[in-house]
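J.: Handing you this structure, nothing more for now.
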Amino acid sequence: MSIAELIAQRSTCIRRNVGAVIVKDKRILATGYNGAPSGIAHCIEVGCLREKLGVPPGERHEICRGTHAEQNAIIQAATFGVSIRDSYIYSTHQPCFICTKMLINAHIKKILYKEEYPDELAIDMLKEAQIPFVKL
């Protein structure tokens, strides 16, 4: 988890700094932090639309220019041809609903996180998928 916290320091999100590390057999496979896609201005440069609109945490994820840490870790693995099937993900925050769907489809075996995130739909889906998620 300390590596995920270190990676979160690279975040360019104004509202929350999140880091994620995908691990299998005690080896780091991929990492990610939340921020705008490559070549796109970051929120620390242009401001946060969600903040401007007063969108509360856990709602309206589509109104964000950033890519979440978990998504970026999955993308990094795909970019470099690294299978993350049956791996664990350590994230500084509980994954949102969108990231949860991606983690389920990527066959992540277990989710470990440090801080809770207000997204009941994500929790319900993880329970239904029978993927353990553990607050450390």
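Identifiers in the structure tokens: chain A, B, ... in order shown; residue index from 1 per chain; ligand index from 1 in order shown.
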So which residues touch segment 75-88 of chain A within 8 Å, counting only C-alpha atoms, skipping near sequence neighbours fewer than 6 positions away, as a list in words?
T.: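 Contacts, with the query itself left out: Ile22, Val23, Lys24, Asp25, Leu29, Ala30, Thr31, Gly32, Ala106, His107, Ile108, Lys109, Lys110, Ile111 and Leu112 of chain A.
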J.: May I have the selected residues written with N, CA, C and O atoms, as a short mmCIF file (atom, residue, chain, number, x, y, z; two decimals), in the first residue's frame?
T.:
```cif
data_model
loop_
_atom_site.label_atom_id
_atom_site.label_comp_id
_atom_site.auth_asym_id
_atom_site.auth_seq_id
_atom_site.Cartn_x
_atom_site.Cartn_y
_atom_site.Cartn_z
N ILE A 22 -1.04 -2.99 -9.24
CA ILE A 22 -1.52 -4.35 -9.52
C ILE A 22 -0.36 -5.31 -9.29
O ILE A 22 0.74 -5.10 -9.82
N VAL A 23 -0.62 -6.33 -8.48
CA VAL A 23 0.43 -7.25 -8.03
C VAL A 23 0.00 -8.69 -8.23
O VAL A 23 -1.16 -9.03 -8.03
N LYS A 24 0.96 -9.53 -8.62
CA LYS A 24 0.71 -10.97 -8.70
C LYS A 24 1.98 -11.69 -8.27
O LYS A 24 3.08 -11.35 -8.72
N ASP A 25 1.81 -12.68 -7.41
CA ASP A 25 2.95 -13.44 -6.90
C ASP A 25 4.04 -12.53 -6.35
O ASP A 25 5.24 -12.72 -6.62
N LEU A 29 2.98 -5.60 -11.34
CA LEU A 29 2.71 -5.74 -12.77
C LEU A 29 2.44 -4.40 -13.45
O LEU A 29 2.82 -4.20 -14.59
N ALA A 30 1.74 -3.51 -12.74
CA ALA A 30 1.38 -2.21 -13.32
C ALA A 30 1.01 -1.25 -12.20
O ALA A 30 0.63 -1.67 -11.11
N THR A 31 1.11 0.03 -12.51
CA THR A 31 0.74 1.07 -11.56
C THR A 31 -0.10 2.12 -12.28
O THR A 31 -0.09 2.20 -13.50
N GLY A 32 -0.81 2.91 -11.51
CA GLY A 32 -1.58 4.00 -12.09
C GLY A 32 -1.92 5.04 -11.05
O GLY A 32 -1.97 4.75 -9.86
N ALA A 106 -11.42 -7.63 -15.79
CA ALA A 106 -9.99 -7.93 -15.90
C ALA A 106 -9.61 -9.14 -15.06
O ALA A 106 -8.45 -9.54 -15.04
N HIS A 107 -10.60 -9.71 -14.37
CA HIS A 107 -10.40 -10.90 -13.52
C HIS A 107 -9.44 -10.64 -12.37
O HIS A 107 -8.62 -11.50 -12.03
N ILE A 108 -9.54 -9.44 -11.77
CA ILE A 108 -8.77 -9.15 -10.58
C ILE A 108 -9.31 -10.03 -9.46
O ILE A 108 -10.52 -10.15 -9.27
N LYS A 109 -8.43 -10.64 -8.74
CA LYS A 109 -8.80 -11.65 -7.74
C LYS A 109 -9.18 -11.04 -6.39
O LYS A 109 -10.02 -11.57 -5.67
N LYS A 110 -8.55 -9.91 -6.04
CA LYS A 110 -8.80 -9.29 -4.74
C LYS A 110 -8.47 -7.80 -4.81
O LYS A 110 -7.54 -7.40 -5.50
N ILE A 111 -9.27 -7.00 -4.10
CA ILE A 111 -9.08 -5.56 -4.06
C ILE A 111 -8.77 -5.15 -2.62
O ILE A 111 -9.52 -5.49 -1.70
N LEU A 112 -7.66 -4.46 -2.44
CA LEU A 112 -7.28 -3.97 -1.11
C LEU A 112 -7.19 -2.45 -1.21
O LEU A 112 -6.58 -1.92 -2.14
#
```
J.: For Ser2 of chain A, please output as a list in words all residues within 10 Å (counting only C-alpha atoms; exclusion window: fewer than 3 positions along the same chain).
T.: Glu5, Leu6, Ile7, Ala8, Gly19, Val21, Tyr90, Ser91 and Thr92 of chain A
J.: Deliver the residues from the most recent selection as a file, using N, CA, C and O atoms, as an mmCIF file, in the first residue's frame.
T.:
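Just written: out34.cif:
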```cif
data_model
loop_
_atom_site.group_PDB
_atom_site.id
_atom_site.type_symbol
_atom_site.label_atom_id
_atom_site.label_comp_id
_atom_site.auth_asym_id
_atom_site.auth_seq_id
_atom_site.Cartn_x
_atom_site.Cartn_y
_atom_site.Cartn_z
ATOM 1 N N GLU A 5 0.492 4.657 -2.278
ATOM 2 C CA GLU A 5 0.485 6.016 -1.724
ATOM 3 C C GLU A 5 1.547 6.888 -2.395
ATOM 4 O O GLU A 5 1.307 8.062 -2.680
ATOM 5 N N LEU A 6 2.698 6.314 -2.653
ATOM 6 C CA LEU A 6 3.766 7.046 -3.329
ATOM 7 C C LEU A 6 3.341 7.417 -4.754
ATOM 8 O O LEU A 6 3.526 8.552 -5.207
ATOM 9 N N ILE A 7 2.736 6.475 -5.457
ATOM 10 C CA ILE A 7 2.274 6.712 -6.824
ATOM 11 C C ILE A 7 1.172 7.774 -6.847
ATOM 12 O O ILE A 7 1.098 8.596 -7.769
ATOM 13 N N ALA A 8 0.338 7.808 -5.813
ATOM 14 C CA ALA A 8 -0.745 8.799 -5.728
ATOM 15 C C ALA A 8 -0.205 10.227 -5.723
ATOM 16 O O ALA A 8 -0.904 11.165 -6.130
ATOM 17 N N GLY A 19 -3.704 6.403 -5.976
ATOM 18 C CA GLY A 19 -2.686 5.569 -6.600
ATOM 19 C C GLY A 19 -3.117 4.120 -6.547
ATOM 20 O O GLY A 19 -3.832 3.712 -5.628
ATOM 21 N N VAL A 21 -1.727 -0.097 -7.504
ATOM 22 C CA VAL A 21 -0.658 -1.021 -7.877
ATOM 23 C C VAL A 21 -1.288 -2.394 -8.089
ATOM 24 O O VAL A 21 -1.987 -2.896 -7.208
ATOM 25 N N TYR A 90 -3.917 -3.029 -5.180
ATOM 26 C CA TYR A 90 -3.845 -2.184 -3.993
ATOM 27 C C TYR A 90 -4.161 -0.776 -4.457
ATOM 28 O O TYR A 90 -3.519 -0.271 -5.376
ATOM 29 N N SER A 91 -5.151 -0.143 -3.840
ATOM 30 C CA SER A 91 -5.532 1.202 -4.216
ATOM 31 C C SER A 91 -5.674 2.051 -2.959
ATOM 32 O O SER A 91 -6.137 1.560 -1.929
ATOM 33 N N THR A 92 -5.273 3.296 -3.067
ATOM 34 C CA THR A 92 -5.387 4.175 -1.910
ATOM 35 C C THR A 92 -6.851 4.417 -1.547
ATOM 36 O O THR A 92 -7.148 4.756 -0.407
#
```
J.: For the strand (DSSP E) assignment from backbone DSSP, which residues of chain A qualify? Please present them as a list of chain:residue names.
T.: A:Gly19, A:Ala20, A:Val21, A:Ile22, A:Val23, A:Lys24, A:Arg27, A:Ile28, A:Leu29, A:Ala30, A:Thr31, A:Gly32, A:Tyr33, A:Tyr88, A:Ile89, A:Tyr90, A:Ser91, A:Thr92, A:His93, A:Lys110, A:Ile111, A:Leu112, A:Tyr113, A:Lys114, A:Glu115, A:Phe133, A:Val134, A:Lys135
J.: Keeping N, CA, C and O atoms for every residue in the selection just given, could you write it to a file as an mmCIF file, in the first residue's frame?
T.:
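Final file, selection_29.cif:
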```cif
data_model
loop_
_atom_site.group_PDB
_atom_site.id
_atom_site.type_symbol
_atom_site.label_atom_id
_atom_site.label_comp_id
_atom_site.auth_asym_id
_atom_site.auth_seq_id
_atom_site.Cartn_x
_atom_site.Cartn_y
_atom_site.Cartn_z
ATOM 1 N N GLY A 19 -3.704 6.403 -5.976
ATOM 2 C CA GLY A 19 -2.686 5.569 -6.600
ATOM 3 C C GLY A 19 -3.117 4.120 -6.547
ATOM 4 O O GLY A 19 -3.832 3.712 -5.628
ATOM 5 N N ALA A 20 -2.691 3.335 -7.530
ATOM 6 C CA ALA A 20 -3.046 1.917 -7.581
ATOM 7 C C ALA A 20 -1.847 1.102 -8.058
ATOM 8 O O ALA A 20 -1.073 1.566 -8.900
ATOM 9 N N VAL A 21 -1.727 -0.097 -7.504
ATOM 10 C CA VAL A 21 -0.658 -1.021 -7.877
ATOM 11 C C VAL A 21 -1.288 -2.394 -8.089
ATOM 12 O O VAL A 21 -1.987 -2.896 -7.208
ATOM 13 N N ILE A 22 -1.035 -2.994 -9.243
ATOM 14 C CA ILE A 22 -1.516 -4.350 -9.521
ATOM 15 C C ILE A 22 -0.356 -5.306 -9.287
ATOM 16 O O ILE A 22 0.741 -5.096 -9.820
ATOM 17 N N VAL A 23 -0.616 -6.330 -8.479
ATOM 18 C CA VAL A 23 0.430 -7.246 -8.025
ATOM 19 C C VAL A 23 -0.003 -8.694 -8.233
ATOM 20 O O VAL A 23 -1.165 -9.033 -8.031
ATOM 21 N N LYS A 24 0.957 -9.531 -8.619
ATOM 22 C CA LYS A 24 0.711 -10.970 -8.704
ATOM 23 C C LYS A 24 1.979 -11.692 -8.272
ATOM 24 O O LYS A 24 3.078 -11.348 -8.722
ATOM 25 N N ARG A 27 4.892 -9.615 -7.181
ATOM 26 C CA ARG A 27 5.574 -8.803 -8.190
ATOM 27 C C ARG A 27 4.632 -7.713 -8.690
ATOM 28 O O ARG A 27 3.464 -7.969 -8.972
ATOM 29 N N ILE A 28 5.170 -6.519 -8.849
ATOM 30 C CA ILE A 28 4.381 -5.409 -9.372
ATOM 31 C C ILE A 28 4.241 -5.583 -10.881
ATOM 32 O O ILE A 28 5.236 -5.714 -11.589
ATOM 33 N N LEU A 29 2.984 -5.595 -11.339
ATOM 34 C CA LEU A 29 2.713 -5.745 -12.771
ATOM 35 C C LEU A 29 2.441 -4.402 -13.446
ATOM 36 O O LEU A 29 2.821 -4.195 -14.592
ATOM 37 N N ALA A 30 1.742 -3.508 -12.740
ATOM 38 C CA ALA A 30 1.384 -2.214 -13.319
ATOM 39 C C ALA A 30 1.010 -1.252 -12.204
ATOM 40 O O ALA A 30 0.628 -1.668 -11.109
ATOM 41 N N THR A 31 1.114 0.033 -12.510
ATOM 42 C CA THR A 31 0.738 1.072 -11.557
ATOM 43 C C THR A 31 -0.104 2.119 -12.276
ATOM 44 O O THR A 31 -0.088 2.200 -13.505
ATOM 45 N N GLY A 32 -0.809 2.914 -11.508
ATOM 46 C CA GLY A 32 -1.581 3.997 -12.087
ATOM 47 C C GLY A 32 -1.923 5.042 -11.049
ATOM 48 O O GLY A 32 -1.973 4.752 -9.859
ATOM 49 N N TYR A 33 -2.132 6.247 -11.522
ATOM 50 C CA TYR A 33 -2.617 7.342 -10.669
ATOM 51 C C TYR A 33 -3.669 8.094 -11.459
ATOM 52 O O TYR A 33 -3.772 7.953 -12.669
ATOM 53 N N TYR A 88 -3.912 -9.108 -7.661
ATOM 54 C CA TYR A 88 -4.498 -8.262 -6.630
ATOM 55 C C TYR A 88 -4.263 -6.817 -7.031
ATOM 56 O O TYR A 88 -3.275 -6.515 -7.698
ATOM 57 N N ILE A 89 -5.149 -5.942 -6.597
ATOM 58 C CA ILE A 89 -4.899 -4.509 -6.779
ATOM 59 C C ILE A 89 -4.930 -3.836 -5.408
ATOM 60 O O ILE A 89 -5.809 -4.100 -4.590
ATOM 61 N N TYR A 90 -3.917 -3.029 -5.180
ATOM 62 C CA TYR A 90 -3.845 -2.184 -3.993
ATOM 63 C C TYR A 90 -4.161 -0.776 -4.457
ATOM 64 O O TYR A 90 -3.519 -0.271 -5.376
ATOM 65 N N SER A 91 -5.151 -0.143 -3.840
ATOM 66 C CA SER A 91 -5.532 1.202 -4.216
ATOM 67 C C SER A 91 -5.674 2.051 -2.959
ATOM 68 O O SER A 91 -6.137 1.560 -1.929
ATOM 69 N N THR A 92 -5.273 3.296 -3.067
ATOM 70 C CA THR A 92 -5.387 4.175 -1.910
ATOM 71 C C THR A 92 -6.851 4.417 -1.547
ATOM 72 O O THR A 92 -7.148 4.756 -0.407
ATOM 73 N N HIS A 93 -7.758 4.215 -2.503
ATOM 74 C CA HIS A 93 -9.184 4.425 -2.271
ATOM 75 C C HIS A 93 -9.990 3.252 -2.836
ATOM 76 O O HIS A 93 -9.589 2.628 -3.814
ATOM 77 N N LYS A 110 -8.551 -9.905 -6.038
ATOM 78 C CA LYS A 110 -8.798 -9.287 -4.737
ATOM 79 C C LYS A 110 -8.473 -7.800 -4.812
ATOM 80 O O LYS A 110 -7.537 -7.402 -5.496
ATOM 81 N N ILE A 111 -9.266 -7.003 -4.103
ATOM 82 C CA ILE A 111 -9.078 -5.557 -4.059
ATOM 83 C C ILE A 111 -8.767 -5.154 -2.621
ATOM 84 O O ILE A 111 -9.519 -5.488 -1.704
ATOM 85 N N LEU A 112 -7.656 -4.464 -2.439
ATOM 86 C CA LEU A 112 -7.275 -3.965 -1.115
ATOM 87 C C LEU A 112 -7.186 -2.449 -1.208
ATOM 88 O O LEU A 112 -6.582 -1.919 -2.139
ATOM 89 N N TYR A 113 -7.792 -1.750 -0.275
ATOM 90 C CA TYR A 113 -7.812 -0.288 -0.333
ATOM 91 C C TYR A 113 -7.634 0.299 1.063
ATOM 92 O O TYR A 113 -7.810 -0.377 2.077
ATOM 93 N N LYS A 114 -7.286 1.574 1.095
ATOM 94 C CA LYS A 114 -7.026 2.260 2.363
ATOM 95 C C LYS A 114 -8.206 3.125 2.802
ATOM 96 O O LYS A 114 -8.604 3.101 3.942
ATOM 97 N N GLU A 115 -8.745 3.920 1.875
ATOM 98 C CA GLU A 115 -9.817 4.844 2.221
ATOM 99 C C GLU A 115 -11.105 4.488 1.489
ATOM 100 O O GLU A 115 -11.074 4.101 0.330
ATOM 101 N N PHE A 133 -12.981 -7.576 -1.187
ATOM 102 C CA PHE A 133 -12.437 -6.224 -1.128
ATOM 103 C C PHE A 133 -12.239 -5.909 0.350
ATOM 104 O O PHE A 133 -13.129 -6.066 1.166
ATOM 105 N N VAL A 134 -11.025 -5.506 0.657
ATOM 106 C CA VAL A 134 -10.601 -5.396 2.043
ATOM 107 C C VAL A 134 -10.050 -4.010 2.328
ATOM 108 O O VAL A 134 -9.156 -3.544 1.624
ATOM 109 N N LYS A 135 -10.590 -3.382 3.357
ATOM 110 C CA LYS A 135 -10.044 -2.103 3.794
ATOM 111 C C LYS A 135 -8.870 -2.390 4.720
ATOM 112 O O LYS A 135 -8.994 -3.126 5.697
#
```
J.: If you run DSSP on the backbone here, which positions in chain A get alpha helix (DSSP H)? Please write them as a ChimeraX atom specification.
T.: /A:2-8,43-46,49-53,69-79,97-105,120-129
J.: Restricting the output to N, CA and C atoms, write the selected residues as a compact mmCIF listing (two decimals), in the first residue's frame.
T.:
```
# COMPACT_ATOMS: atom_id res chain seq x y z
N SER A 2 2.03 1.17 0.62
CA SER A 2 2.90 2.35 0.64
C SER A 2 3.34 2.73 -0.77
N ILE A 3 3.47 1.76 -1.67
CA ILE A 3 3.83 2.06 -3.05
C ILE A 3 2.66 2.77 -3.74
N ALA A 4 1.43 2.33 -3.48
CA ALA A 4 0.25 3.00 -4.04
C ALA A 4 0.17 4.44 -3.54
N GLU A 5 0.49 4.66 -2.28
CA GLU A 5 0.48 6.02 -1.72
C GLU A 5 1.55 6.89 -2.39
N LEU A 6 2.70 6.31 -2.65
CA LEU A 6 3.77 7.05 -3.33
C LEU A 6 3.34 7.42 -4.75
N ILE A 7 2.74 6.48 -5.46
CA ILE A 7 2.27 6.71 -6.82
C ILE A 7 1.17 7.77 -6.85
N ALA A 8 0.34 7.81 -5.81
CA ALA A 8 -0.75 8.80 -5.73
C ALA A 8 -0.20 10.23 -5.72
N CYS A 43 -6.38 18.82 -14.59
CA CYS A 43 -7.27 19.64 -13.76
C CYS A 43 -6.49 20.70 -12.98
N ILE A 44 -5.28 20.39 -12.56
CA ILE A 44 -4.49 21.38 -11.82
C ILE A 44 -4.14 22.57 -12.72
N GLU A 45 -4.29 22.39 -14.04
CA GLU A 45 -4.02 23.47 -14.99
C GLU A 45 -5.29 24.22 -15.40
N VAL A 46 -6.39 23.47 -15.59
CA VAL A 46 -7.61 24.09 -16.12
C VAL A 46 -8.79 24.09 -15.15
N LEU A 49 -14.15 20.44 -13.44
CA LEU A 49 -15.54 20.65 -13.84
C LEU A 49 -16.49 20.14 -12.75
N ARG A 50 -16.17 19.00 -12.15
CA ARG A 50 -17.03 18.44 -11.10
C ARG A 50 -17.12 19.41 -9.91
N GLU A 51 -15.99 20.02 -9.59
CA GLU A 51 -15.95 21.00 -8.49
C GLU A 51 -16.79 22.22 -8.85
N LYS A 52 -16.63 22.71 -10.08
CA LYS A 52 -17.38 23.88 -10.54
C LYS A 52 -18.89 23.64 -10.51
N LEU A 53 -19.31 22.41 -10.86
CA LEU A 53 -20.73 22.06 -10.89
C LEU A 53 -21.27 21.60 -9.55
N ALA A 69 -7.05 5.97 -11.23
CA ALA A 69 -5.80 5.24 -11.00
C ALA A 69 -5.94 3.77 -11.41
N GLU A 70 -7.03 3.15 -11.04
CA GLU A 70 -7.24 1.74 -11.38
C GLU A 70 -7.32 1.56 -12.89
N GLN A 71 -8.01 2.48 -13.57
CA GLN A 71 -8.11 2.42 -15.03
C GLN A 71 -6.74 2.58 -15.65
N ASN A 72 -5.95 3.52 -15.16
CA ASN A 72 -4.61 3.74 -15.71
C ASN A 72 -3.71 2.54 -15.48
N ALA A 73 -3.86 1.85 -14.37
CA ALA A 73 -3.06 0.65 -14.11
C ALA A 73 -3.43 -0.45 -15.11
N ILE A 74 -4.73 -0.62 -15.34
CA ILE A 74 -5.19 -1.62 -16.32
C ILE A 74 -4.69 -1.26 -17.72
N ILE A 75 -4.78 0.01 -18.07
CA ILE A 75 -4.32 0.47 -19.38
C ILE A 75 -2.82 0.26 -19.53
N GLN A 76 -2.06 0.55 -18.49
CA GLN A 76 -0.61 0.36 -18.54
C GLN A 76 -0.28 -1.12 -18.80
N ALA A 77 -0.97 -2.02 -18.11
CA ALA A 77 -0.74 -3.45 -18.31
C ALA A 77 -1.06 -3.83 -19.76
N ALA A 78 -2.18 -3.35 -20.27
CA ALA A 78 -2.58 -3.68 -21.64
C ALA A 78 -1.59 -3.11 -22.65
N THR A 79 -1.12 -1.89 -22.42
CA THR A 79 -0.18 -1.25 -23.33
C THR A 79 1.11 -2.06 -23.48
N PHE A 97 -17.69 2.69 -9.12
CA PHE A 97 -18.47 1.74 -9.89
C PHE A 97 -17.85 1.45 -11.26
N ILE A 98 -17.39 2.48 -11.94
CA ILE A 98 -16.79 2.28 -13.27
C ILE A 98 -15.53 1.44 -13.17
N CYS A 99 -14.65 1.77 -12.22
CA CYS A 99 -13.42 0.99 -12.04
C CYS A 99 -13.74 -0.43 -11.59
N THR A 100 -14.75 -0.57 -10.75
CA THR A 100 -15.16 -1.89 -10.28
C THR A 100 -15.54 -2.79 -11.46
N LYS A 101 -16.30 -2.26 -12.41
CA LYS A 101 -16.69 -3.06 -13.58
C LYS A 101 -15.46 -3.49 -14.36
N MET A 102 -14.50 -2.59 -14.50
CA MET A 102 -13.28 -2.92 -15.24
C MET A 102 -12.46 -3.97 -14.50
N LEU A 103 -12.37 -3.84 -13.18
CA LEU A 103 -11.60 -4.81 -12.38
C LEU A 103 -12.23 -6.19 -12.42
N ILE A 104 -13.55 -6.23 -12.42
CA ILE A 104 -14.25 -7.52 -12.53
C ILE A 104 -13.93 -8.15 -13.88
N ASN A 105 -14.04 -7.39 -14.96
CA ASN A 105 -13.79 -7.92 -16.30
C ASN A 105 -12.32 -8.26 -16.53
N GLU A 120 -22.10 2.94 -3.26
CA GLU A 120 -22.78 1.70 -2.85
C GLU A 120 -22.94 0.73 -4.02
N LEU A 121 -23.13 1.24 -5.22
CA LEU A 121 -23.29 0.38 -6.38
C LEU A 121 -22.03 -0.45 -6.61
N ALA A 122 -20.87 0.15 -6.40
CA ALA A 122 -19.60 -0.57 -6.55
C ALA A 122 -19.52 -1.70 -5.52
N ILE A 123 -19.89 -1.41 -4.29
CA ILE A 123 -19.85 -2.42 -3.23
C ILE A 123 -20.80 -3.57 -3.55
N ASP A 124 -22.01 -3.24 -3.98
CA ASP A 124 -22.99 -4.27 -4.33
C ASP A 124 -22.48 -5.16 -5.46
N MET A 125 -21.86 -4.55 -6.45
CA MET A 125 -21.36 -5.31 -7.59
C MET A 125 -20.21 -6.24 -7.18
N LEU A 126 -19.30 -5.74 -6.33
CA LEU A 126 -18.20 -6.59 -5.87
C LEU A 126 -18.71 -7.78 -5.08
N LYS A 127 -19.72 -7.55 -4.26
CA LYS A 127 -20.32 -8.66 -3.50
C LYS A 127 -20.94 -9.67 -4.45
N GLU A 128 -21.67 -9.19 -5.44
CA GLU A 128 -22.30 -10.09 -6.41
C GLU A 128 -21.26 -10.88 -7.19
N ALA A 129 -20.16 -10.24 -7.55
CA ALA A 129 -19.09 -10.91 -8.29
C ALA A 129 -18.22 -11.79 -7.40
```
J.: To one decimal in Å, tell me the separation between atom CA of Asp119 of chain A and atom CA of Gly58 of chain A.
T.: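 For atom CA of Asp119 of chain A relative to atom CA of Gly58 of chain A, the distance reads 5.2 Å.
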J.: What's the separation between atom CA of Lys26 of chain A and atom CA of Tyr117 of chain A, in Å to one decimal place?
T.: 26.1 Å
J.: Here is a test: counting only C-alpha atoms, which residue of A:Val55, A:Ala36, A:Ala41, A:Val18 is nearest to Cys96 of chain A?
T.: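 Among A:Val55, A:Ala36, A:Ala41, A:Val18, it is A:Val18 that comes nearest to Cys96 of chain A.
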J.: May I ask for the distance between atom CA of Gln94 of chain A and atom CA of Asn34 of chain A, given in Å to one decimal place?
T.: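 Interatomic distance here is 13.3 Å.
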J.: Just checking: using only C-alpha atoms, which residue out of A:His68, A:Gly54, A:Ile40, A:Pro95 ends up closest to Pro118 of chain A?
T.: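 Once distances to Pro118 of chain A are computed over only C-alpha atoms, the minimum belongs to A:Pro95.
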